[in-house]
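Note: the block below is structure-v7.cif and it holds mmCIF, N, CA and C atoms.
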data_entry
loop_
_atom_site.label_atom_id
_atom_site.label_comp_id
_atom_site.auth_asym_id
_atom_site.auth_seq_id
_atom_site.Cartn_x
_atom_site.Cartn_y
_atom_site.Cartn_z
N MET I 30 0.85 -1.17 0.00
CA MET I 30 0.00 0.00 0.00
C MET I 30 0.89 1.23 0.00
N ALA I 31 0.46 2.26 -0.62
CA ALA I 31 1.21 3.51 -0.65
C ALA I 31 0.26 4.67 -0.36
N LEU I 32 0.78 5.65 0.35
CA LEU I 32 0.06 6.90 0.58
C LEU I 32 0.81 7.95 -0.21
N VAL I 33 0.18 8.48 -1.22
CA VAL I 33 0.81 9.43 -2.12
C VAL I 33 -0.02 10.70 -2.14
N SER I 34 0.66 11.83 -2.27
CA SER I 34 -0.03 13.11 -2.31
C SER I 34 0.58 13.98 -3.38
N ASP I 35 -0.25 14.80 -4.02
CA ASP I 35 0.27 15.77 -4.98
C ASP I 35 0.38 17.15 -4.33
N ALA I 36 0.29 17.16 -2.99
CA ALA I 36 0.32 18.42 -2.25
C ALA I 36 1.36 18.38 -1.15
N GLY I 37 2.55 17.95 -1.48
CA GLY I 37 3.62 17.90 -0.48
C GLY I 37 3.71 16.56 0.20
N THR I 38 4.48 16.48 1.26
CA THR I 38 4.69 15.23 1.97
C THR I 38 3.41 14.80 2.66
N PRO I 39 2.92 13.58 2.35
CA PRO I 39 1.71 13.11 3.03
C PRO I 39 1.93 12.96 4.52
N ALA I 40 0.88 13.11 5.28
CA ALA I 40 0.86 12.92 6.73
C ALA I 40 1.52 14.06 7.49
N ILE I 41 1.83 15.16 6.83
CA ILE I 41 2.31 16.35 7.53
C ILE I 41 1.17 17.36 7.49
N SER I 42 0.67 17.72 8.65
CA SER I 42 -0.40 18.70 8.79
C SER I 42 -1.65 18.28 8.02
N ASP I 43 -1.95 16.99 8.03
CA ASP I 43 -3.20 16.50 7.46
C ASP I 43 -3.60 15.22 8.21
N PRO I 44 -4.77 14.70 7.96
CA PRO I 44 -5.22 13.52 8.71
C PRO I 44 -4.47 12.24 8.35
N GLY I 45 -3.52 12.29 7.44
CA GLY I 45 -2.74 11.11 7.07
C GLY I 45 -2.03 10.47 8.25
N PHE I 46 -1.71 11.26 9.29
CA PHE I 46 -1.02 10.69 10.44
C PHE I 46 -1.86 9.61 11.10
N LYS I 47 -3.20 9.71 10.98
CA LYS I 47 -4.06 8.68 11.57
C LYS I 47 -3.86 7.34 10.86
N LEU I 48 -3.70 7.38 9.55
CA LEU I 48 -3.42 6.16 8.78
C LEU I 48 -2.06 5.58 9.19
N VAL I 49 -1.06 6.43 9.33
CA VAL I 49 0.27 5.98 9.76
C VAL I 49 0.19 5.36 11.15
N ARG I 50 -0.49 6.02 12.06
CA ARG I 50 -0.62 5.52 13.44
C ARG I 50 -1.29 4.15 13.46
N GLU I 51 -2.35 3.98 12.69
CA GLU I 51 -3.05 2.68 12.65
C GLU I 51 -2.18 1.60 12.02
N ALA I 52 -1.44 1.95 10.98
CA ALA I 52 -0.54 0.98 10.36
C ALA I 52 0.50 0.51 11.38
N ILE I 53 1.06 1.43 12.15
CA ILE I 53 2.05 1.09 13.17
C ILE I 53 1.42 0.18 14.22
N ARG I 54 0.22 0.50 14.65
CA ARG I 54 -0.47 -0.33 15.65
C ARG I 54 -0.69 -1.75 15.15
N GLU I 55 -0.90 -1.89 13.84
CA GLU I 55 -1.13 -3.20 13.24
C GLU I 55 0.16 -3.92 12.87
N GLY I 56 1.28 -3.30 13.17
CA GLY I 56 2.57 -3.93 12.88
C GLY I 56 3.02 -3.80 11.44
N ILE I 57 2.41 -2.88 10.71
CA ILE I 57 2.78 -2.65 9.32
C ILE I 57 3.92 -1.65 9.26
N GLN I 58 4.97 -2.01 8.56
CA GLN I 58 6.12 -1.12 8.45
C GLN I 58 5.75 0.11 7.62
N VAL I 59 6.11 1.29 8.14
CA VAL I 59 5.87 2.55 7.44
C VAL I 59 7.22 3.07 6.98
N VAL I 60 7.36 3.26 5.68
CA VAL I 60 8.65 3.67 5.10
C VAL I 60 8.47 5.02 4.40
N PRO I 61 9.18 6.05 4.87
CA PRO I 61 9.08 7.34 4.18
C PRO I 61 9.95 7.34 2.93
N ILE I 62 9.50 8.02 1.92
CA ILE I 62 10.29 8.24 0.72
C ILE I 62 10.99 9.58 0.91
N PRO I 63 12.27 9.67 0.61
CA PRO I 63 13.02 10.89 0.93
C PRO I 63 12.33 12.15 0.45
N GLY I 64 12.33 13.09 1.31
CA GLY I 64 11.77 14.39 0.99
C GLY I 64 12.85 15.43 1.15
N PRO I 65 12.45 16.65 1.45
CA PRO I 65 13.43 17.72 1.53
C PRO I 65 14.29 17.67 2.79
N SER I 66 13.88 16.90 3.80
CA SER I 66 14.65 16.89 5.03
C SER I 66 14.32 15.67 5.87
N ALA I 67 15.22 15.34 6.78
CA ALA I 67 14.97 14.24 7.72
C ALA I 67 13.76 14.57 8.59
N MET I 68 13.58 15.83 8.91
CA MET I 68 12.46 16.25 9.73
C MET I 68 11.13 15.84 9.10
N ALA I 69 10.97 16.13 7.82
CA ALA I 69 9.71 15.81 7.15
C ALA I 69 9.52 14.30 7.04
N ALA I 70 10.58 13.57 6.73
CA ALA I 70 10.47 12.11 6.63
C ALA I 70 10.11 11.51 7.98
N ALA I 71 10.77 11.95 9.05
CA ALA I 71 10.50 11.41 10.39
C ALA I 71 9.08 11.74 10.82
N LEU I 72 8.66 12.96 10.62
CA LEU I 72 7.33 13.38 11.04
C LEU I 72 6.25 12.62 10.26
N SER I 73 6.47 12.40 8.98
CA SER I 73 5.45 11.75 8.17
C SER I 73 5.29 10.28 8.49
N ALA I 74 6.33 9.61 9.01
CA ALA I 74 6.25 8.18 9.30
C ALA I 74 6.35 7.86 10.79
N GLY I 75 6.48 8.88 11.63
CA GLY I 75 6.70 8.64 13.06
C GLY I 75 5.49 8.14 13.82
N GLY I 76 4.31 8.55 13.42
CA GLY I 76 3.10 8.11 14.12
C GLY I 76 2.62 9.06 15.21
N LEU I 77 3.31 10.18 15.40
CA LEU I 77 2.84 11.19 16.34
C LEU I 77 2.04 12.23 15.57
N PRO I 78 1.19 13.00 16.24
CA PRO I 78 0.38 14.00 15.54
C PRO I 78 1.22 14.97 14.71
N THR I 79 0.69 15.33 13.55
CA THR I 79 1.40 16.21 12.63
C THR I 79 0.68 17.52 12.37
N HIS I 80 -0.46 17.72 13.00
CA HIS I 80 -1.23 18.94 12.75
C HIS I 80 -0.51 20.19 13.26
N ARG I 81 0.37 19.99 14.24
CA ARG I 81 1.16 21.10 14.79
C ARG I 81 2.48 20.50 15.24
N PHE I 82 3.57 21.17 14.90
CA PHE I 82 4.87 20.68 15.34
C PHE I 82 5.83 21.85 15.47
N LEU I 83 6.88 21.62 16.24
CA LEU I 83 7.91 22.62 16.45
C LEU I 83 9.25 21.98 16.13
N PHE I 84 9.93 22.50 15.12
CA PHE I 84 11.26 22.01 14.80
C PHE I 84 12.25 22.76 15.68
N VAL I 85 12.89 22.03 16.58
CA VAL I 85 13.85 22.64 17.51
C VAL I 85 15.26 22.56 16.93
N GLY I 86 15.52 21.54 16.12
CA GLY I 86 16.85 21.35 15.55
C GLY I 86 17.78 20.72 16.57
N PHE I 87 19.07 21.07 16.50
CA PHE I 87 20.04 20.54 17.46
C PHE I 87 19.89 21.30 18.78
N PRO I 88 19.60 20.59 19.88
CA PRO I 88 19.52 21.27 21.17
C PRO I 88 20.91 21.63 21.66
N PRO I 89 21.01 22.53 22.64
CA PRO I 89 22.31 22.91 23.18
C PRO I 89 23.06 21.68 23.71
N PRO I 90 24.37 21.64 23.54
CA PRO I 90 25.13 20.46 23.98
C PRO I 90 25.33 20.36 25.50
N LYS I 91 25.31 21.46 26.20
CA LYS I 91 25.53 21.45 27.65
C LYS I 91 24.23 21.12 28.38
N ALA I 92 24.32 20.32 29.43
CA ALA I 92 23.15 19.82 30.16
C ALA I 92 22.27 20.95 30.69
N ALA I 93 22.86 21.97 31.28
CA ALA I 93 22.07 23.07 31.86
C ALA I 93 21.31 23.82 30.77
N ALA I 94 21.97 24.09 29.67
CA ALA I 94 21.32 24.80 28.56
C ALA I 94 20.23 23.94 27.93
N LEU I 95 20.45 22.64 27.85
CA LEU I 95 19.44 21.72 27.32
C LEU I 95 18.20 21.77 28.19
N ARG I 96 18.36 21.71 29.49
CA ARG I 96 17.21 21.73 30.39
C ARG I 96 16.45 23.06 30.30
N LYS I 97 17.17 24.16 30.13
CA LYS I 97 16.51 25.46 29.95
C LYS I 97 15.69 25.48 28.66
N THR I 98 16.25 24.92 27.60
CA THR I 98 15.55 24.86 26.32
C THR I 98 14.27 24.03 26.47
N LEU I 99 14.39 22.87 27.11
CA LEU I 99 13.21 22.02 27.30
C LEU I 99 12.17 22.71 28.18
N ALA I 100 12.60 23.44 29.18
CA ALA I 100 11.66 24.17 30.05
C ALA I 100 10.90 25.23 29.25
N ARG I 101 11.58 25.88 28.30
CA ARG I 101 10.93 26.92 27.49
C ARG I 101 9.86 26.35 26.57
N ILE I 102 10.01 25.10 26.15
CA ILE I 102 9.05 24.52 25.20
C ILE I 102 8.14 23.49 25.84
N GLU I 103 8.20 23.37 27.15
CA GLU I 103 7.42 22.37 27.89
C GLU I 103 5.93 22.44 27.60
N GLU I 104 5.38 23.62 27.43
CA GLU I 104 3.94 23.80 27.25
C GLU I 104 3.48 23.61 25.80
N GLN I 105 4.39 23.44 24.87
CA GLN I 105 4.02 23.26 23.47
C GLN I 105 3.16 22.00 23.32
N ASP I 106 2.04 22.12 22.62
CA ASP I 106 1.18 20.94 22.46
C ASP I 106 1.43 20.21 21.14
N GLY I 107 2.29 20.75 20.31
CA GLY I 107 2.63 20.08 19.05
C GLY I 107 3.82 19.15 19.24
N THR I 108 4.01 18.26 18.28
CA THR I 108 5.14 17.35 18.30
C THR I 108 6.44 18.15 18.21
N LEU I 109 7.39 17.80 19.07
CA LEU I 109 8.69 18.47 19.10
C LEU I 109 9.68 17.66 18.29
N ILE I 110 10.48 18.33 17.46
CA ILE I 110 11.42 17.64 16.58
C ILE I 110 12.83 18.12 16.87
N PHE I 111 13.71 17.15 17.13
CA PHE I 111 15.10 17.45 17.45
C PHE I 111 16.02 16.66 16.53
N TYR I 112 17.18 17.21 16.24
CA TYR I 112 18.27 16.48 15.61
C TYR I 112 19.30 16.23 16.70
N LEU I 113 19.83 15.02 16.74
CA LEU I 113 20.81 14.67 17.78
C LEU I 113 21.93 13.82 17.23
N PRO I 114 23.15 14.03 17.73
CA PRO I 114 24.20 13.04 17.47
C PRO I 114 23.93 11.83 18.36
N GLY I 115 24.19 10.65 17.85
CA GLY I 115 23.91 9.43 18.60
C GLY I 115 24.53 9.39 19.98
N ARG I 116 25.72 9.95 20.13
CA ARG I 116 26.41 9.92 21.43
C ARG I 116 25.69 10.73 22.49
N LYS I 117 24.75 11.59 22.11
CA LYS I 117 24.03 12.43 23.07
C LYS I 117 22.63 11.91 23.40
N LEU I 118 22.22 10.80 22.80
CA LEU I 118 20.84 10.33 22.94
C LEU I 118 20.47 10.01 24.38
N VAL I 119 21.28 9.25 25.08
CA VAL I 119 20.94 8.84 26.45
C VAL I 119 20.80 10.06 27.36
N GLU I 120 21.74 10.99 27.25
CA GLU I 120 21.67 12.22 28.05
C GLU I 120 20.42 13.03 27.70
N PHE I 121 20.10 13.11 26.41
CA PHE I 121 18.93 13.84 25.97
C PHE I 121 17.65 13.23 26.53
N LEU I 122 17.53 11.91 26.44
CA LEU I 122 16.32 11.24 26.94
C LEU I 122 16.16 11.43 28.45
N ALA I 123 17.26 11.42 29.18
CA ALA I 123 17.19 11.68 30.63
C ALA I 123 16.67 13.09 30.89
N ALA I 124 17.13 14.05 30.10
CA ALA I 124 16.66 15.44 30.25
C ALA I 124 15.18 15.56 29.90
N VAL I 125 14.74 14.86 28.86
CA VAL I 125 13.32 14.88 28.49
C VAL I 125 12.48 14.33 29.63
N LEU I 126 12.89 13.20 30.18
CA LEU I 126 12.13 12.62 31.29
C LEU I 126 12.04 13.58 32.46
N GLU I 127 13.15 14.20 32.80
CA GLU I 127 13.20 15.12 33.94
C GLU I 127 12.38 16.39 33.67
N SER I 128 12.49 16.93 32.48
CA SER I 128 11.88 18.23 32.18
C SER I 128 10.46 18.15 31.64
N LEU I 129 10.18 17.13 30.82
CA LEU I 129 8.89 17.06 30.13
C LEU I 129 8.01 15.92 30.62
N GLY I 130 8.60 14.95 31.30
CA GLY I 130 7.84 13.80 31.76
C GLY I 130 7.93 12.64 30.79
N ASP I 131 7.16 11.61 31.04
CA ASP I 131 7.24 10.36 30.28
C ASP I 131 6.37 10.42 29.03
N ARG I 132 6.80 11.22 28.09
CA ARG I 132 6.04 11.42 26.85
C ARG I 132 6.37 10.35 25.82
N ASP I 133 5.54 10.29 24.78
CA ASP I 133 5.83 9.39 23.65
C ASP I 133 7.02 9.93 22.89
N ILE I 134 7.88 9.01 22.47
CA ILE I 134 9.12 9.35 21.77
C ILE I 134 9.22 8.47 20.53
N VAL I 135 9.78 9.02 19.47
CA VAL I 135 10.14 8.23 18.29
C VAL I 135 11.58 8.59 17.93
N ILE I 136 12.44 7.58 17.90
CA ILE I 136 13.83 7.77 17.47
C ILE I 136 13.90 7.28 16.04
N CYS I 137 14.33 8.14 15.14
CA CYS I 137 14.40 7.81 13.71
C CYS I 137 15.86 7.80 13.28
N ARG I 138 16.31 6.64 12.79
CA ARG I 138 17.71 6.49 12.37
C ARG I 138 17.77 5.91 10.97
N GLU I 139 18.77 6.34 10.24
CA GLU I 139 19.09 5.75 8.94
C GLU I 139 17.87 5.71 8.00
N MET I 140 17.04 6.74 8.06
CA MET I 140 15.83 6.75 7.24
C MET I 140 16.17 6.63 5.77
N THR I 141 15.40 5.80 5.10
CA THR I 141 15.50 5.49 3.67
C THR I 141 16.74 4.68 3.31
N LYS I 142 17.47 4.19 4.31
CA LYS I 142 18.65 3.37 4.06
C LYS I 142 18.36 1.93 4.50
N ILE I 143 19.27 1.04 4.22
CA ILE I 143 19.05 -0.38 4.50
C ILE I 143 18.84 -0.68 5.98
N HIS I 144 19.45 0.08 6.85
CA HIS I 144 19.32 -0.15 8.29
C HIS I 144 18.33 0.82 8.95
N GLU I 145 17.34 1.28 8.19
CA GLU I 145 16.34 2.20 8.72
C GLU I 145 15.72 1.63 10.00
N GLU I 146 15.54 2.51 10.99
CA GLU I 146 15.00 2.06 12.27
C GLU I 146 14.16 3.17 12.89
N PHE I 147 12.97 2.79 13.34
CA PHE I 147 12.11 3.67 14.11
C PHE I 147 11.90 2.99 15.46
N THR I 148 12.30 3.63 16.54
CA THR I 148 12.09 3.11 17.88
C THR I 148 11.03 3.98 18.53
N ARG I 149 9.94 3.36 18.94
CA ARG I 149 8.81 4.11 19.48
C ARG I 149 8.49 3.64 20.89
N GLY I 150 8.03 4.55 21.72
CA GLY I 150 7.58 4.19 23.06
C GLY I 150 7.60 5.37 23.99
N LYS I 151 7.31 5.11 25.23
CA LYS I 151 7.40 6.15 26.26
C LYS I 151 8.87 6.47 26.48
N ALA I 152 9.14 7.70 26.88
CA ALA I 152 10.52 8.15 27.09
C ALA I 152 11.27 7.22 28.05
N SER I 153 10.61 6.75 29.10
CA SER I 153 11.28 5.88 30.07
C SER I 153 11.71 4.57 29.44
N ALA I 154 10.85 3.96 28.63
CA ALA I 154 11.19 2.69 27.99
C ALA I 154 12.26 2.87 26.93
N VAL I 155 12.14 3.93 26.13
CA VAL I 155 13.13 4.18 25.10
C VAL I 155 14.49 4.49 25.73
N ALA I 156 14.49 5.24 26.83
CA ALA I 156 15.73 5.57 27.53
C ALA I 156 16.39 4.30 28.09
N ALA I 157 15.60 3.41 28.66
CA ALA I 157 16.15 2.16 29.20
C ALA I 157 16.77 1.33 28.09
N SER I 158 16.09 1.25 26.96
CA SER I 158 16.61 0.49 25.81
C SER I 158 17.86 1.15 25.24
N ALA I 159 17.85 2.47 25.13
CA ALA I 159 18.98 3.20 24.54
C ALA I 159 20.23 3.10 25.39
N SER I 160 20.06 2.94 26.69
CA SER I 160 21.23 2.89 27.58
C SER I 160 22.06 1.62 27.38
N THR I 161 21.51 0.65 26.68
CA THR I 161 22.23 -0.60 26.44
C THR I 161 22.85 -0.68 25.05
N ARG I 162 22.75 0.40 24.29
CA ARG I 162 23.23 0.41 22.91
C ARG I 162 24.20 1.55 22.68
N GLU I 163 24.95 1.43 21.61
CA GLU I 163 25.81 2.53 21.16
C GLU I 163 25.24 3.03 19.84
N PHE I 164 25.00 4.32 19.75
CA PHE I 164 24.44 4.91 18.54
C PHE I 164 25.50 5.73 17.84
N LYS I 165 25.60 5.56 16.55
CA LYS I 165 26.53 6.34 15.74
C LYS I 165 25.72 7.22 14.80
N GLY I 166 26.34 8.28 14.33
CA GLY I 166 25.68 9.15 13.38
C GLY I 166 24.65 10.04 14.03
N GLU I 167 23.86 10.66 13.18
CA GLU I 167 22.82 11.57 13.66
C GLU I 167 21.46 10.92 13.53
N MET I 168 20.53 11.39 14.35
CA MET I 168 19.18 10.87 14.32
C MET I 168 18.18 12.00 14.51
N THR I 169 16.97 11.72 14.14
CA THR I 169 15.88 12.66 14.34
C THR I 169 15.01 12.09 15.46
N VAL I 170 14.71 12.92 16.45
CA VAL I 170 13.93 12.48 17.61
C VAL I 170 12.65 13.29 17.69
N LEU I 171 11.54 12.59 17.74
CA LEU I 171 10.23 13.21 17.90
C LEU I 171 9.77 13.01 19.34
N VAL I 172 9.25 14.06 19.93
CA VAL I 172 8.71 14.00 21.29
C VAL I 172 7.28 14.54 21.24
N SER I 173 6.35 13.78 21.81
CA SER I 173 4.96 14.24 21.75
C SER I 173 4.82 15.55 22.53
N GLY I 174 3.89 16.37 22.06
CA GLY I 174 3.60 17.62 22.74
C GLY I 174 2.88 17.38 24.05
N LYS I 175 2.71 18.46 24.81
CA LYS I 175 2.03 18.36 26.10
C LYS I 175 0.56 18.00 25.87
N ALA I 176 0.09 17.02 26.60
CA ALA I 176 -1.31 16.63 26.50
C ALA I 176 -2.19 17.72 27.06
N LYS I 177 -3.32 17.92 26.42
CA LYS I 177 -4.27 18.95 26.88
C LYS I 177 -5.14 18.42 27.97
#
Give the structure from the file, written as structure tokens.
Amino acid sequence: MALVSDAGTPAISDPGFKLVREAIREGIQVVPIPGPSAMAAALSAGGLPTHRFLFVGFPPPKAAALRKTLARIEEQDGTLIFYLPGRKLVEFLAAVLESLGDRDIVICREMTKIHEEFTRGKASAVAASASTREFKGEMTVLVSGKAK
């Protein structure tokens, strides 16, 4: 099955995310076709809401500055999008748990490549799993917005 649109990347700011979410729940692999950026590919296949999102980019590397950044965006109700080097993932997830709580997370790695991987779950579970692995390269991390 394919979801195709003649109006930009499907599942970004449209109800297509509901189809992606249901496919994920049913165990169907969702594969993004490369678009203009990792952000758009991750958001379109991540399974988190796409009607509103905030692209944060690379967060500050220092722990104190990272926590300040997270505190400033804590109230955002849209999906938060970050770029991270793999070596910073465990520290980042700990900061998310401390600052934002146990939100839904999607770690997107190697999108559109042979080793493509989407890791989904609550921040606590993803952090526990990530602490046992070594990540190389950069990844896109989606964090659910604050629940209303």
| message | Going by DSSP on the backbone, which residues of segment 45-173 of chain I come out as helix (DSSP H, G or I)? List them as JSON, numbers by chain. | response | {"I": [45, 46, 47, 48, 49, 50, 51, 52, 53, 54, 67, 68, 69, 70, 71, 72, 73, 74, 75, 92, 93, 94, 95, 96, 97, 98, 99, 100, 101, 102, 115, 116, 117, 118, 119, 120, 121, 122, 123, 124, 125, 126, 127, 128, 129, 152, 153, 154, 155, 156, 157, 158, 159]}
Write out as a CSV table (one decimal) with N, CA and C atoms, in the frame of the given file all residues of chain I that backbone DSSP assigns to strand (DSSP E or B).
chain,number,residue,atom,x,y,z
I,82,PHE,N,3.6,21.2,14.9
I,82,PHE,CA,4.9,20.7,15.3
I,82,PHE,C,5.8,21.8,15.5
I,83,LEU,N,6.9,21.6,16.2
I,83,LEU,CA,7.9,22.6,16.4
I,83,LEU,C,9.2,22.0,16.1
I,84,PHE,N,9.9,22.5,15.1
I,84,PHE,CA,11.3,22.0,14.8
I,84,PHE,C,12.2,22.8,15.7
I,85,VAL,N,12.9,22.0,16.6
I,85,VAL,CA,13.8,22.6,17.5
I,85,VAL,C,15.3,22.6,16.9
I,86,GLY,N,15.5,21.5,16.1
I,86,GLY,CA,16.8,21.4,15.6
I,86,GLY,C,17.8,20.7,16.6
I,108,THR,N,4.0,18.3,18.3
I,108,THR,CA,5.1,17.4,18.3
I,108,THR,C,6.4,18.2,18.2
I,109,LEU,N,7.4,17.8,19.1
I,109,LEU,CA,8.7,18.5,19.1
I,109,LEU,C,9.7,17.7,18.3
I,110,ILE,N,10.5,18.3,17.5
I,110,ILE,CA,11.4,17.6,16.6
I,110,ILE,C,12.8,18.1,16.9
I,111,PHE,N,13.7,17.2,17.1
I,111,PHE,CA,15.1,17.4,17.4
I,111,PHE,C,16.0,16.7,16.5
I,112,TYR,N,17.2,17.2,16.2
I,112,TYR,CA,18.3,16.5,15.6
I,112,TYR,C,19.3,16.2,16.7
I,113,LEU,N,19.8,15.0,16.7
I,113,LEU,CA,20.8,14.7,17.8
I,113,LEU,C,21.9,13.8,17.2
I,114,PRO,N,23.2,14.0,17.7
I,114,PRO,CA,24.2,13.0,17.5
I,114,PRO,C,23.9,11.8,18.4
I,133,ASP,N,5.5,10.3,24.8
I,133,ASP,CA,5.8,9.4,23.6
I,133,ASP,C,7.0,9.9,22.9
I,134,ILE,N,7.9,9.0,22.5
I,134,ILE,CA,9.1,9.4,21.8
I,134,ILE,C,9.2,8.5,20.5
I,135,VAL,N,9.8,9.0,19.5
I,135,VAL,CA,10.1,8.2,18.3
I,135,VAL,C,11.6,8.6,17.9
I,136,ILE,N,12.4,7.6,17.9
I,136,ILE,CA,13.8,7.8,17.5
I,136,ILE,C,13.9,7.3,16.0
I,137,CYS,N,14.3,8.1,15.1
I,137,CYS,CA,14.4,7.8,13.7
I,137,CYS,C,15.9,7.8,13.3
I,138,ARG,N,16.3,6.6,12.8
I,138,ARG,CA,17.7,6.5,12.4
I,138,ARG,C,17.8,5.9,11.0
I,146,GLU,N,15.5,2.5,11.0
I,146,GLU,CA,15.0,2.1,12.3
I,146,GLU,C,14.2,3.2,12.9
I,147,PHE,N,13.0,2.8,13.3
I,147,PHE,CA,12.1,3.7,14.1
I,147,PHE,C,11.9,3.0,15.5
I,148,THR,N,12.3,3.6,16.5
I,148,THR,CA,12.1,3.1,17.9
I,148,THR,C,11.0,4.0,18.5
I,149,ARG,N,9.9,3.4,18.9
I,149,ARG,CA,8.8,4.1,19.5
I,149,ARG,C,8.5,3.6,20.9
I,150,GLY,N,8.0,4.6,21.7
I,150,GLY,CA,7.6,4.2,23.1
I,150,GLY,C,7.6,5.4,24.0
I,151,LYS,N,7.3,5.1,25.2
I,151,LYS,CA,7.4,6.2,26.3
I,151,LYS,C,8.9,6.5,26.5
I,167,GLU,N,23.9,10.7,13.2
I,167,GLU,CA,22.8,11.6,13.7
I,167,GLU,C,21.5,10.9,13.5
I,168,MET,N,20.5,11.4,14.4
I,168,MET,CA,19.2,10.9,14.3
I,168,MET,C,18.2,12.0,14.5
I,169,THR,N,17.0,11.7,14.1
I,169,THR,CA,15.9,12.7,14.3
I,169,THR,C,15.0,12.1,15.5
I,170,VAL,N,14.7,12.9,16.4
I,170,VAL,CA,13.9,12.5,17.6
I,170,VAL,C,12.6,13.3,17.7
I,171,LEU,N,11.5,12.6,17.7
I,171,LEU,CA,10.2,13.2,17.9
I,171,LEU,C,9.8,13.0,19.3
I,172,VAL,N,9.2,14.1,19.9
I,172,VAL,CA,8.7,14.0,21.3
I,172,VAL,C,7.3,14.5,21.2
| request: To verify the selection step, state as a VMD selection string which residues the PyMOL selection byres ((chain I and resi 119-134) around 7) yields on this input. | output: chain I and resid 95 to 96 99 to 100 103 115 to 118 135 to 136 148 to 153 156 159 to 160 170 to 174
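Atom pair atom N of Leu48 of chain I / atom N of Gly76 of chain I: separated by 9.0 Å.
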Against segment 77-92 of chain I, which residues of segment 108-164 of chain I fall within 8 Å? For each one I want the closest pair of atoms and the distance in Å (one decimal), counting only C-alpha atoms, rows by chain and increasing residue number, as CSV.
residue,atom,partner,partner_atom,distance
I:Thr108,CA,I:Phe82,CA,4.5
I:Leu109,CA,I:Leu83,CA,5.0
I:Ile110,CA,I:Phe84,CA,4.7
I:Phe111,CA,I:Gly86,CA,4.7
I:Tyr112,CA,I:Phe87,CA,4.8
I:Leu113,CA,I:Phe87,CA,5.9
I:Ala124,CA,I:Ala92,CA,7.8
| field | Interatomic distance (Å, one decimal) between atom CA of Gly107 of chain I and atom CA of Ala157 of chain I | value |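 So the answer is 24.6 Å.
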| remark: Students should find that atom CA of Ile53 of chain I and atom C of Gly75 of chain I are spaced 7.9 Å
To box segment 144-157 of chain I, take all atoms listed in the file, fit an axis-aligned box, add 5 Å on each side, and give centre and edge lengths in Å to one decimal, as JSON.
{"center_x": 13.4, "center_y": 4.0, "center_z": 18.5, "size_x": 22.1, "size_y": 18.3, "size_z": 33.2}
